[in-house]
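Novice: Have a look at the structure that comes next, please.
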Amino acid sequence: MADRLRTDVAVIGSGPGGAVTASLCAEAGYATLLIEDGPDLPLEANAHFSGDEILSKYRNAGIAMAFGKPSVSFVEGRCVGGGSEVNRGLYHRTPAYVLEQWSRSHRVDHLTEAALAPHFDACEQTARISRLPGTAPDLSQRLGDGAARLGWDAIAAPRLYDYGAGRKQSMSETFVPRFRQAGGRLIADCRATRIRRLGGKWEVTARQGRGDLTIEADALFVACGAVQTPALLRRSGFRRNIGNSLRFHPMMKAVALFDASVNRPGDPDPVHQIKMFEPRFGIGCSISSPALLALALAGNPQMRARIGSDAARMGLYYVQNGTGHARVRNLPAMQDPLVSIRHEEEELDQLYDGLKHLMRALFAAGAEAVQPCIRGFPLLRSVDEIAALPAQPWRSALLTSVHVFASCPMGEDMSLCATDSWGRVHGGDGLRIADASLMCGPTIANPQGSVMAIAHRNALHALERRFA
Ligand SMILES: Cc1cc2nc3c(=O)[nH]c(=O)nc-3n(C[C@H](O)[C@H](O)[C@H](O)COP(=O)(O)OP(=O)(O)OC[C@H]3O[C@@H](n4cnc5c(N)ncnc54)[C@H](O)[C@@H]3O)c2cc1C
């Protein structure tokens with residue numbers, strides 16, 4: 001017989017969307033239960049970006065694929081705090097033009113820059129944003145220098161990071177403690193498998209360790225992230241515009257080999273970004289540990305062989321945009337859903353053009369050689385060789401992504417949207433979504449700030465209406 005719990009509010013998933021929502025509900029005086037599929041581990045449980053961290057805090061040890069031509073390999077967090085625990089916390093508010101576009105395309109009410117500003121302010125008070133004090137690490141600064149030599153603008157991006165304390169402002173450091181302080185109850189290692197409406201309440205069936213748990217709640221928020229939320233909802237019979245419009249920020253990468261040491265263990269995380277080409281594409285620096293260089297260079301054995309001797313002179317960089325339209329579908333007897341993606345040719349051309357811009361910036365920054373991370377592609381020795389690259393890399397290119405969203409978009413356009421403008425599932429009897437699924441499309445900018453601010457806005461809206 002399953003254990004049974006009763007609560008006023010249940011929130012499924014403790015990433016940025018779920019943690020912000022749960023803390024506001026608990027602080028408003030509601031008995032609030034937050035359940036999380038993954039383990040409850042402190043920020044410092046593993047070295048950041050290490051293999052151990054990938055094994056313990058990522059879903060499926062960091063292996064997930066959106067199948068298409070090309071496919072996109074992506075990762076998600078699976079632990080208390082979700083993606084905020086494993087990410088770099090690079091931070092931007094949603095650009096105003098993106099909000100305008102969503103308001104138009106999906107008919108979202110009250111989603112202007114001014115209307116969202118108080119919600120950003122409130123989230124930024126708890127999860128502090130700051131800029132790297134002093135000079136950026138060489139690997140980061142090189143991208144800024146290369147951009148400047150080409151007459152392009154680069155910025156040193158702010159982060160969800162307390163540089164004074166040397167701690168990332170992840171959910172386990174910010175909103176989860178706030179939730180607990182307000183009396184909220186968190187159950188980790190607990191996976192919701194189905195939800196249903198029963199006798200005017202919400203019933204969540206969950207698996208905790210080897211046992212089953214049933215939760216009865218007056219109000220329910222689903223915040224499992226943009227892939228798992230539509231999977232849970234579809235499995236539970238909610239299908240209208242659910243899981244049909246998943247979007248990624250797919251990335252292509254390049255490794256630069258510089259004439260001097262730029263990549264030293266213990267350097268601060270890189271922060272430079274070139275944003276002037278957005279929304280066509282955005283450019284930035286990746287973590288460049290030997291393990292991540294080796295992963296990026298899997299299809300380029302010549303450059304990979306040099307990691308042992310030359311990692312200190314290497315930097316890994318990315319370009320990303322918002323290409324591809326993906327779907328989430330459950331498969332019988334499988335825990336994880338099938339994710340498939342299709343791309344328009346022009347979108348891919350834009351991304352490839354972005355990769356060429358990135359490589360130009362790296363040569364301008366003084367790179368001796370640049371390796372595009374595409375299987376079988378040559379090591380480039382000069383900027384002129386970029387023009388000789390194949391016009392179509394897509395047979396051998398594997399895209400990667402760390403940003404997923406928009407699988408259950410919000411808005412009043414019933415032909416496109418899964419929820420209303422405030423995250424209430426259309427026809428869902430008060431059921432709410434509270435995560436990156438609600439976004440109406442790509443931001444190109446790093447998305448966590450948008451997820452938090454929208455969750456904050458929608459949770460206050462729900463509380464004002466007593467969850468009606
Ligand atoms: C490696 C990496 C780097 C990134 N870098 C940045 C960055 O620098 N800046 C930025 O802005 N964004 C970054 N992101 C993206 C950012 O982390 C996400 O946008 C954000 O975490 C999304 O929040 P969310 O609440 O929608 O979902 P998530 O963070 O994915 O959280 C969902 C949670 O729900 C849990 N869950 C799922 N299914 C169930 C279930 N059935 N039952 C119970 N719990 C469940 C999951 O385990 C997970 O913990 C990065 C992401 C990754 C993975």
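Ordering of the structure tokens sets the chain letters (A, B, ...), residue numbers begin anew at 1 in every chain, and ligands are numbered from 1 in the order given.
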Taking only C-alpha atoms and all ligand atoms into account, report as a PyMOL selection string which residues have an atom no farther than 7 Å from an atom of ligand 1.
Specialist: chain A and resi 12-18+35-38+59+75-84+86-92+190-193+223-226+228-229+232+402-404+435-437+446-449+451
Novice: So that I can see what lies close to Cys408 (chain A), please list as a count of residues only the residues with an atom at most 9 Å from it, counting only C-alpha atoms and leaving out residues fewer than 5 positions away in the same chain.
Specialist: 20
Novice: Which one of A:Gly184, A:Gln320, A:Asp429, A:Ile287 sits closest to Gly200 (chain A) if you count only C-alpha atoms?
Specialist: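 With only C-alpha atoms as the atom set, the closest residue is A:Asp429.
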Novice: To test your reading of the structure, identify every residue in region 236-434 of chain A that backbone DSSP assigns to helix (DSSP H, G or I), and report it as a PyMOL selection string.
Specialist: chain A and resi 290-296+301-304+307-313+345-364+383-388
Novice: If you count only C-alpha atoms, which residues fall within 12 Å of Phe363 (chain A), apart from same-chain ones fewer than 3 positions away, as a VMD selection string?
Specialist: chain A and resid 142 to 143 145 to 147 149 to 150 254 to 259 356 to 360 366 to 371 380 to 386
Novice: Write out, as a PDB file, in the first residue's frame, the residues just selected, with N, CA and C atoms.
Specialist:
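Okay, this is what ended up in again-v5.pdb:
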```pdb
ATOM      1  N   ARG A 142      40.479  36.847 -24.341  1.00  0.00           N
ATOM      2  CA  ARG A 142      40.888  36.702 -25.747  1.00  0.00           C
ATOM      3  C   ARG A 142      39.700  36.889 -26.681  1.00  0.00           C
ATOM      4  N   LEU A 143      38.536  36.336 -26.292  1.00  0.00           N
ATOM      5  CA  LEU A 143      37.352  36.487 -27.153  1.00  0.00           C
ATOM      6  C   LEU A 143      36.974  37.968 -27.239  1.00  0.00           C
ATOM      7  N   ASP A 145      39.031  40.501 -26.884  1.00  0.00           N
ATOM      8  CA  ASP A 145      40.049  41.199 -27.689  1.00  0.00           C
ATOM      9  C   ASP A 145      39.823  40.957 -29.180  1.00  0.00           C
ATOM     10  N   GLY A 146      39.527  39.700 -29.523  1.00  0.00           N
ATOM     11  CA  GLY A 146      39.291  39.359 -30.936  1.00  0.00           C
ATOM     12  C   GLY A 146      38.121  40.158 -31.485  1.00  0.00           C
ATOM     13  N   ALA A 147      37.050  40.225 -30.696  1.00  0.00           N
ATOM     14  CA  ALA A 147      35.868  40.982 -31.129  1.00  0.00           C
ATOM     15  C   ALA A 147      36.244  42.448 -31.340  1.00  0.00           C
ATOM     16  N   ARG A 149      39.076  43.786 -32.064  1.00  0.00           N
ATOM     17  CA  ARG A 149      39.916  43.999 -33.267  1.00  0.00           C
ATOM     18  C   ARG A 149      39.082  43.969 -34.542  1.00  0.00           C
ATOM     19  N   LEU A 150      37.949  43.279 -34.502  1.00  0.00           N
ATOM     20  CA  LEU A 150      37.074  43.243 -35.681  1.00  0.00           C
ATOM     21  C   LEU A 150      36.035  44.362 -35.645  1.00  0.00           C
ATOM     22  N   ALA A 254      34.161  25.512 -31.437  1.00  0.00           N
ATOM     23  CA  ALA A 254      35.490  25.541 -32.056  1.00  0.00           C
ATOM     24  C   ALA A 254      36.520  25.634 -30.940  1.00  0.00           C
ATOM     25  N   VAL A 255      37.673  25.007 -31.171  1.00  0.00           N
ATOM     26  CA  VAL A 255      38.782  25.088 -30.211  1.00  0.00           C
ATOM     27  C   VAL A 255      39.881  25.943 -30.829  1.00  0.00           C
ATOM     28  N   ALA A 256      40.344  26.941 -30.073  1.00  0.00           N
ATOM     29  CA  ALA A 256      41.454  27.791 -30.539  1.00  0.00           C
ATOM     30  C   ALA A 256      42.737  27.350 -29.843  1.00  0.00           C
ATOM     31  N   LEU A 257      43.824  27.339 -30.610  1.00  0.00           N
ATOM     32  CA  LEU A 257      45.141  27.061 -30.041  1.00  0.00           C
ATOM     33  C   LEU A 257      45.920  28.376 -30.063  1.00  0.00           C
ATOM     34  N   PHE A 258      46.227  28.888 -28.867  1.00  0.00           N
ATOM     35  CA  PHE A 258      46.910  30.184 -28.785  1.00  0.00           C
ATOM     36  C   PHE A 258      48.420  29.990 -28.635  1.00  0.00           C
ATOM     37  N   ASP A 259      49.149  31.112 -28.761  1.00  0.00           N
ATOM     38  CA  ASP A 259      50.615  31.046 -28.689  1.00  0.00           C
ATOM     39  C   ASP A 259      51.109  31.075 -27.238  1.00  0.00           C
ATOM     40  N   LYS A 356      31.465  30.544 -38.342  1.00  0.00           N
ATOM     41  CA  LYS A 356      32.530  31.218 -39.115  1.00  0.00           C
ATOM     42  C   LYS A 356      32.889  32.564 -38.474  1.00  0.00           C
ATOM     43  N   HIS A 357      31.870  33.287 -37.989  1.00  0.00           N
ATOM     44  CA  HIS A 357      32.144  34.541 -37.264  1.00  0.00           C
ATOM     45  C   HIS A 357      33.001  34.249 -36.023  1.00  0.00           C
ATOM     46  N   LEU A 358      32.628  33.188 -35.283  1.00  0.00           N
ATOM     47  CA  LEU A 358      33.394  32.838 -34.080  1.00  0.00           C
ATOM     48  C   LEU A 358      34.859  32.576 -34.453  1.00  0.00           C
ATOM     49  N   MET A 359      35.071  31.827 -35.515  1.00  0.00           N
ATOM     50  CA  MET A 359      36.454  31.481 -35.886  1.00  0.00           C
ATOM     51  C   MET A 359      37.226  32.730 -36.322  1.00  0.00           C
ATOM     52  N   ARG A 360      36.544  33.655 -36.975  1.00  0.00           N
ATOM     53  CA  ARG A 360      37.217  34.924 -37.334  1.00  0.00           C
ATOM     54  C   ARG A 360      37.661  35.657 -36.074  1.00  0.00           C
ATOM     55  N   GLY A 366      44.380  36.200 -31.969  1.00  0.00           N
ATOM     56  CA  GLY A 366      45.770  35.722 -31.956  1.00  0.00           C
ATOM     57  C   GLY A 366      45.908  34.211 -31.978  1.00  0.00           C
ATOM     58  N   ALA A 367      44.814  33.488 -32.300  1.00  0.00           N
ATOM     59  CA  ALA A 367      44.933  32.023 -32.354  1.00  0.00           C
ATOM     60  C   ALA A 367      45.906  31.620 -33.456  1.00  0.00           C
ATOM     61  N   GLU A 368      46.773  30.645 -33.130  1.00  0.00           N
ATOM     62  CA  GLU A 368      47.676  30.086 -34.154  1.00  0.00           C
ATOM     63  C   GLU A 368      46.918  29.149 -35.077  1.00  0.00           C
ATOM     64  N   ALA A 369      45.938  28.476 -34.508  1.00  0.00           N
ATOM     65  CA  ALA A 369      45.134  27.518 -35.265  1.00  0.00           C
ATOM     66  C   ALA A 369      43.758  27.425 -34.623  1.00  0.00           C
ATOM     67  N   VAL A 370      42.760  27.101 -35.446  1.00  0.00           N
ATOM     68  CA  VAL A 370      41.402  26.942 -34.921  1.00  0.00           C
ATOM     69  C   VAL A 370      40.817  25.641 -35.482  1.00  0.00           C
ATOM     70  N   GLN A 371      40.264  24.835 -34.587  1.00  0.00           N
ATOM     71  CA  GLN A 371      39.651  23.571 -34.998  1.00  0.00           C
ATOM     72  C   GLN A 371      38.137  23.663 -34.867  1.00  0.00           C
ATOM     73  N   LEU A 380      42.337  24.613 -39.018  1.00  0.00           N
ATOM     74  CA  LEU A 380      42.580  25.818 -39.833  1.00  0.00           C
ATOM     75  C   LEU A 380      43.789  26.563 -39.287  1.00  0.00           C
ATOM     76  N   ARG A 381      44.673  26.993 -40.184  1.00  0.00           N
ATOM     77  CA  ARG A 381      45.892  27.707 -39.781  1.00  0.00           C
ATOM     78  C   ARG A 381      45.783  29.211 -40.012  1.00  0.00           C
ATOM     79  N   SER A 382      44.820  29.628 -40.790  1.00  0.00           N
ATOM     80  CA  SER A 382      44.676  31.078 -41.004  1.00  0.00           C
ATOM     81  C   SER A 382      43.216  31.394 -41.277  1.00  0.00           C
ATOM     82  N   VAL A 383      42.872  32.646 -41.111  1.00  0.00           N
ATOM     83  CA  VAL A 383      41.488  33.079 -41.281  1.00  0.00           C
ATOM     84  C   VAL A 383      41.022  32.852 -42.721  1.00  0.00           C
ATOM     85  N   ASP A 384      41.959  32.889 -43.679  1.00  0.00           N
ATOM     86  CA  ASP A 384      41.572  32.715 -45.093  1.00  0.00           C
ATOM     87  C   ASP A 384      41.022  31.321 -45.368  1.00  0.00           C
ATOM     88  N   GLU A 385      41.435  30.350 -44.552  1.00  0.00           N
ATOM     89  CA  GLU A 385      40.988  28.965 -44.801  1.00  0.00           C
ATOM     90  C   GLU A 385      39.504  28.760 -44.457  1.00  0.00           C
ATOM     91  N   ILE A 386      38.919  29.721 -43.727  1.00  0.00           N
ATOM     92  CA  ILE A 386      37.491  29.580 -43.377  1.00  0.00           C
ATOM     93  C   ILE A 386      36.651  29.515 -44.653  1.00  0.00           C
TER      94      ILE A 386
END
```
Novice: Which is closer to Arg180 (chain A) than all the others in A:Met314, A:Gly134, A:Leu33, A:Pro409, using only C-alpha atoms?
Specialist: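 Using only C-alpha atoms, Arg180 (chain A) sits closest to A:Leu33.
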Novice: For Ala406 (chain A), which residue among A:Trp102, A:Tyr163, A:Phe74, A:Phe377 is the nearest when counting only C-alpha atoms?
Specialist: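 Of A:Trp102, A:Tyr163, A:Phe74, A:Phe377, the one nearest Ala406 (chain A) is A:Trp102, counting only C-alpha atoms.
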Novice: Out of region 95-231 of chain A, which residues get strand (DSSP E or B) from DSSP, as an MDAnalysis selection string?
Specialist: chainID A and resid 129:130 155:156 159:162 167:168 185:187 190:198 201:208 211:222
Novice: To one decimal place in Å, what is the distance between CA of Glu464 (chain A) and CA of Trp422 (chain A)?
Specialist: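 Distance reported for this atom pair: 12.0 Å.
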Novice: Nearest to His461 (chain A): which of A:Val9, A:Lys253, A:Leu24, A:Gly315 is it, counting only C-alpha atoms?
Specialist: A:Leu24
Novice: Given the choices A:Ala156, A:Gly411, A:Gly282, A:Arg167, which gets closest to Ser103 (chain A) if the distance is worked out from only C-alpha atoms?
Specialist: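 With only C-alpha atoms as the atom set, the closest residue is A:Gly411.
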Novice: Using only C-alpha atoms for the distances, tell me which of A:Arg306, A:Arg197, A:Arg329, A:Arg375 is nearest to Ala397 (chain A).
Specialist: A:Arg375
Novice: Fewer than 3 positions away in the same chain doesn't count, so skip those; otherwise give me all residues within 9 Å of region 345-354 of chain A, counting only C-alpha atoms, as a PyMOL selection string.
Specialist: chain A and resi 250-252+277+280-283+319-324+357-359+391-394
Novice: To one decimal place, how far is CA of Met410 (chain A) from CA of Ala127 (chain A) in Å?
Specialist: 24.8 Å
Novice: Would you mind listing what lies within 10 Å of Gln302 (chain A) as a list in words, with only C-alpha atoms counted and same-chain residues fewer than 3 positions away left out?
Specialist: Leu297, Gly299, Ala305, Arg306, Ile307, Gln371, Gly376, Pro378 and Leu379 of chain A
Novice: Just to confirm, what's the straight-line distance from CA of Pro133 (chain A) to CA of Leu316 (chain A) in Å (one decimal)?
Specialist: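 Interatomic distance here is 22.4 Å.
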